[in-house]
Amino acid sequence: MPIRIYNKTSAGRRNASVNTHAEVTKKHPEKSLLAPLSKSGGRNNQGITTSRGIGGGVKKNYRKIDFKRRDRAGIEGVISGIEYDPNRSCHIALITYSDGTKRYIPSPNGLKDGQQVLTSTTGPVEPAIGNAMPLAYIPTGLEVHCVEIVPGKGAQMCRSAGSFARLSNKEGDFATLVLPSGEVRRVPLTCMATIGQVGNPDHRLRRLGKAGLTRLLGRRPITRGVAKSHHAHPLGGGSGRSKGNRPPCGPTGVLAKGAPTRNKKKYSTKLIVRRRVSKRYGQLK
């Protein structure tokens, strides 16, 4: 069982659970695929905070992930190991190709060491876990992940732990995908996708248990607006705690609750067959 609950020896351990990462087989990362990762603290190049609640966290290197895989078409690759990646929720798999090149990919669920993976752009290959090909060559009904939205741009959808999209049908130049959110979306058949579900599906079951682990992830506490002064937040100040005379907002006055903010003039809007179902607002339009 990847999620383990230990004895309640302290207040933090009492409410915490641990992901044992049972799928990981390789401890040390490939040095040639590492890059330094600087921290911005949520500030832009002028030092102004544009994303609140970001800061601290442990130091870590970035793992270069191959989200395109097009230039590896027709070259056989073997899984050299599955590693833990501190920058994302899923595990990553190291592929060693027959020409000696090494690449990282998001590890699909069920991938094993020594397994062969293939990438194709010109024709169908065996629809085995980890193989990548255009949606035109993938049989309908299969689960796919790391799906491109624009051909050649690289995977943008279904990259987090446990996520996958189901290929429902193909019509004309587009394939219809059912996404994890419930959204039904059309994607060009020339877009690449990988067979299977993203690994580490138990990631969502882990409970941090204490505030210290949240700080190690780089998340700082966020003060409520009504607890601030009137000059620091639109909801702050006053002799009482209530601010029921106006809708909730952020420090800059941007409304926090309301209708969806998606730009309806985007090109991809016409490719969305059905929007996702929101728990708060119901069917989005």
# chains A, B, ... in the order shown; residues from 1 in each chain; ligands from 1
>>> closest_atom_pairs(of="region 136-212 of chain A", to="region 85-109 of chain A", cutoff="6 Å", atoms="only C-alpha atoms", output="JSON lines")
{"residue": "A:Ser160", "atom": "CA", "partner": "A:Cys90", "partner_atom": "CA", "distance": 5.8}
{"residue": "A:Ala161", "atom": "CA", "partner": "A:Cys90", "partner_atom": "CA", "distance": 4.3}
{"residue": "A:Gln197", "atom": "CA", "partner": "A:Pro108", "partner_atom": "CA", "distance": 5.4}
{"residue": "A:Val198", "atom": "CA", "partner": "A:Pro108", "partner_atom": "CA", "distance": 4.3}
{"residue": "A:Gly199", "atom": "CA", "partner": "A:Asn109", "partner_atom": "CA", "distance": 3.8}
{"residue": "A:Asn200", "atom": "CA", "partner": "A:Cys90", "partner_atom": "CA", "distance": 5.5}
>>> residues_around(residues="Gly238 (chain A)", least_positions_apart="3", cutoff="10 Å", atoms="only C-alpha atoms", output="PyMOL selection string")
chain A and resi 226-230+235+241-243
>>> select_by_dssp(residues="region 51-272 of chain A", states="helix (DSSP H, G or I)", output="compact mmCIF listing (two decimals) with C-alpha atoms, in the first residue's frame")
# COMPACT_ATOMS: atom_id res chain seq x y z
CA ARG A 70 8.48 13.62 -31.65
CA ASP A 71 12.22 13.63 -32.35
CA ARG A 72 12.47 10.13 -30.82
CA LEU A 135 -4.48 10.41 -31.74
CA ALA A 136 -5.32 9.29 -35.30
CA TYR A 137 -3.60 5.94 -34.66
CA PRO A 201 -2.61 7.75 -8.38
CA ASP A 202 -2.53 7.65 -4.54
CA HIS A 203 -0.96 11.11 -4.40
CA ARG A 204 -4.35 12.69 -3.63
CA LEU A 205 -4.82 10.44 -0.58
CA ALA A 211 1.90 23.20 8.83
CA GLY A 212 5.63 22.57 8.58
CA LEU A 213 5.28 20.30 5.56
CA THR A 214 3.18 22.92 3.83
CA ARG A 215 5.99 25.44 4.32
CA LEU A 216 8.52 22.96 2.91
CA GLY A 225 -8.83 40.14 4.10
CA VAL A 226 -11.24 41.09 6.92
CA ALA A 227 -8.37 40.72 9.42
CA TYR A 267 -10.13 29.98 -30.78
CA SER A 268 -10.36 26.80 -28.72
CA THR A 269 -13.78 27.74 -27.37
CA LYS A 270 -15.48 26.25 -30.41
CA LEU A 271 -13.60 22.98 -29.83
>>> atom_distance(atom1="CA of Arg166 (chain A)", atom2="CA of Gly110 (chain A)")
17.4 Å
>>> residues_around(residues="region 169-175 of chain A", least_positions_apart="5", cutoff="9 Å", atoms="only C-alpha atoms", output="VMD selection string")
chain A and resid 135 to 136 139 to 141 185 to 190
>>> residues_around(residues="region 19-32 of chain A", least_positions_apart="4", cutoff="7 Å", atoms="only C-alpha atoms", output="PyMOL selection string")
chain A and resi 2-4+81-84+206
>>> write_last_selection(atoms="C-alpha atoms", output="tab-separated table (two decimals), in the first residue's frame")
chain	number	residue	atom	x	y	z
A	2	PRO	CA	1.69	3.27	-1.10
A	3	ILE	CA	-0.11	5.32	1.59
A	4	ARG	CA	1.02	4.41	5.09
A	81	GLY	CA	14.25	3.42	-13.75
A	82	ILE	CA	11.35	5.25	-12.16
A	83	GLU	CA	12.24	8.25	-10.00
A	84	TYR	CA	10.64	10.67	-7.59
A	206	ARG	CA	-1.80	11.74	1.30
>>> residues_around(residues="Leu142 (chain A)", least_positions_apart="5", cutoff="9 Å", atoms="only C-alpha atoms", output="list in words")
Pro127, Ala165, Arg166, Leu167, Ser168, Ile195 and Gly196 of chain A
>>> write_last_selection(atoms="N, CA and C atoms", output="CSV table (one decimal), in the first residue's frame")
chain,number,residue,atom,x,y,z
A,127,PRO,N,-0.6,-0.5,-29.0
A,127,PRO,CA,-1.1,0.4,-27.9
A,127,PRO,C,-0.8,0.0,-26.5
A,165,ALA,N,-7.3,10.9,-19.9
A,165,ALA,CA,-8.5,11.3,-20.7
A,165,ALA,C,-8.9,10.1,-21.5
A,166,ARG,N,-10.2,10.0,-21.8
A,166,ARG,CA,-10.7,8.8,-22.5
A,166,ARG,C,-11.0,9.3,-24.0
A,167,LEU,N,-10.4,8.5,-24.9
A,167,LEU,CA,-10.7,8.8,-26.3
A,167,LEU,C,-12.0,8.2,-26.7
A,168,SER,N,-13.0,9.1,-26.9
A,168,SER,CA,-14.4,8.5,-27.1
A,168,SER,C,-14.6,8.3,-28.6
A,195,ILE,N,-0.2,6.4,-24.2
A,195,ILE,CA,-1.2,5.4,-23.8
A,195,ILE,C,-1.1,5.2,-22.3
A,196,GLY,N,-2.2,5.1,-21.6
A,196,GLY,CA,-2.3,4.8,-20.2
A,196,GLY,C,-2.7,5.9,-19.3
>>> atom_distance(atom1="CA of Gln115 (chain A)", atom2="CA of Glu148 (chain A)")
24.0 Å
>>> residues_around(residues="region 39-45 of chain A", least_positions_apart="2", cutoff="12 Å", atoms="only C-alpha atoms", output="ChimeraX atom specification")
/A:36-37,47-62,218-220
>>> write_last_selection(atoms="N, CA and C atoms", output="PDB file, in the first residue's frame")
ATOM      1  N   PRO A  36      19.221  24.046 -12.764  1.00  0.00           N
ATOM      2  CA  PRO A  36      18.954  24.822 -11.548  1.00  0.00           C
ATOM      3  C   PRO A  36      17.567  25.440 -11.582  1.00  0.00           C
ATOM      4  N   LEU A  37      16.969  25.538 -10.408  1.00  0.00           N
ATOM      5  CA  LEU A  37      15.618  26.079 -10.296  1.00  0.00           C
ATOM      6  C   LEU A  37      15.633  27.220  -9.292  1.00  0.00           C
ATOM      7  N   GLY A  47      10.002  43.214  -8.503  1.00  0.00           N
ATOM      8  CA  GLY A  47       9.922  42.988  -7.072  1.00  0.00           C
ATOM      9  C   GLY A  47       8.529  43.090  -6.503  1.00  0.00           C
ATOM     10  N   ILE A  48       7.527  43.202  -7.356  1.00  0.00           N
ATOM     11  CA  ILE A  48       6.143  43.316  -6.893  1.00  0.00           C
ATOM     12  C   ILE A  48       5.530  41.928  -6.788  1.00  0.00           C
ATOM     13  N   THR A  49       4.853  41.650  -5.679  1.00  0.00           N
ATOM     14  CA  THR A  49       4.221  40.352  -5.479  1.00  0.00           C
ATOM     15  C   THR A  49       3.010  40.222  -6.404  1.00  0.00           C
ATOM     16  N   THR A  50       3.065  39.267  -7.295  1.00  0.00           N
ATOM     17  CA  THR A  50       1.953  39.012  -8.210  1.00  0.00           C
ATOM     18  C   THR A  50       1.216  37.716  -7.873  1.00  0.00           C
ATOM     19  N   SER A  51       1.837  36.839  -7.082  1.00  0.00           N
ATOM     20  CA  SER A  51       1.191  35.602  -6.631  1.00  0.00           C
ATOM     21  C   SER A  51       1.392  35.502  -5.129  1.00  0.00           C
ATOM     22  N   ARG A  52       0.307  35.634  -4.385  1.00  0.00           N
ATOM     23  CA  ARG A  52       0.415  35.610  -2.926  1.00  0.00           C
ATOM     24  C   ARG A  52       0.613  34.185  -2.417  1.00  0.00           C
ATOM     25  N   GLY A  53       1.202  34.096  -1.238  1.00  0.00           N
ATOM     26  CA  GLY A  53       1.326  32.815  -0.577  1.00  0.00           C
ATOM     27  C   GLY A  53       2.471  31.954  -1.059  1.00  0.00           C
ATOM     28  N   ILE A  54       3.431  32.508  -1.784  1.00  0.00           N
ATOM     29  CA  ILE A  54       4.560  31.737  -2.293  1.00  0.00           C
ATOM     30  C   ILE A  54       5.833  32.189  -1.589  1.00  0.00           C
ATOM     31  N   GLY A  55       6.617  31.238  -1.094  1.00  0.00           N
ATOM     32  CA  GLY A  55       7.875  31.583  -0.456  1.00  0.00           C
ATOM     33  C   GLY A  55       8.433  30.410   0.321  1.00  0.00           C
ATOM     34  N   GLY A  56       9.743  30.435   0.568  1.00  0.00           N
ATOM     35  CA  GLY A  56      10.383  29.361   1.316  1.00  0.00           C
ATOM     36  C   GLY A  56      10.470  28.092   0.499  1.00  0.00           C
ATOM     37  N   GLY A  57      10.372  26.975   1.177  1.00  0.00           N
ATOM     38  CA  GLY A  57      10.456  25.691   0.498  1.00  0.00           C
ATOM     39  C   GLY A  57      11.876  25.169   0.445  1.00  0.00           C
ATOM     40  N   VAL A  58      12.011  23.878   0.246  1.00  0.00           N
ATOM     41  CA  VAL A  58      13.327  23.263   0.187  1.00  0.00           C
ATOM     42  C   VAL A  58      13.960  23.515  -1.182  1.00  0.00           C
ATOM     43  N   LYS A  59      15.277  23.474  -1.212  1.00  0.00           N
ATOM     44  CA  LYS A  59      15.989  23.678  -2.459  1.00  0.00           C
ATOM     45  C   LYS A  59      15.921  22.408  -3.296  1.00  0.00           C
ATOM     46  N   LYS A  60      15.703  22.549  -4.596  1.00  0.00           N
ATOM     47  CA  LYS A  60      15.586  21.382  -5.462  1.00  0.00           C
ATOM     48  C   LYS A  60      16.012  21.739  -6.874  1.00  0.00           C
ATOM     49  N   ASN A  61      16.407  20.739  -7.633  1.00  0.00           N
ATOM     50  CA  ASN A  61      16.759  20.893  -9.035  1.00  0.00           C
ATOM     51  C   ASN A  61      15.574  20.531  -9.909  1.00  0.00           C
ATOM     52  N   TYR A  62      15.520  21.142 -11.086  1.00  0.00           N
ATOM     53  CA  TYR A  62      14.464  20.831 -12.033  1.00  0.00           C
ATOM     54  C   TYR A  62      14.891  19.669 -12.916  1.00  0.00           C
ATOM     55  N   GLY A 218       6.759  25.262  -0.086  1.00  0.00           N
ATOM     56  CA  GLY A 218       6.825  26.620  -0.610  1.00  0.00           C
ATOM     57  C   GLY A 218       5.525  27.390  -0.508  1.00  0.00           C
ATOM     58  N   ARG A 219       4.603  26.946   0.349  1.00  0.00           N
ATOM     59  CA  ARG A 219       3.330  27.651   0.509  1.00  0.00           C
ATOM     60  C   ARG A 219       3.318  28.389   1.837  1.00  0.00           C
ATOM     61  N   ARG A 220       3.162  29.690   1.790  1.00  0.00           N
ATOM     62  CA  ARG A 220       3.110  30.512   2.988  1.00  0.00           C
ATOM     63  C   ARG A 220       1.657  30.749   3.402  1.00  0.00           C
TER      64      ARG A 220
END
>>> atom_distance(atom1="CA of Arg224 (chain A)", atom2="CA of Asn263 (chain A)")
28.7 Å
>>> residues_around(residues="region 273-283 of chain A", least_positions_apart="3", cutoff="7 Å", atoms="only C-alpha atoms", output="number ranges by chain")
A: 181-185
>>> select_by_dssp(residues="region 188-251 of chain A", states="strand (DSSP E)", output="list in words")
Pro188, Met192, Ala193, Thr194 and Ile195 of chain A
>>> closest_residue(among="A:Asn245, A:Thr252, A:Thr121, A:Thr261", to="His231 (chain A)", atoms="only C-alpha atoms")
A:Thr252
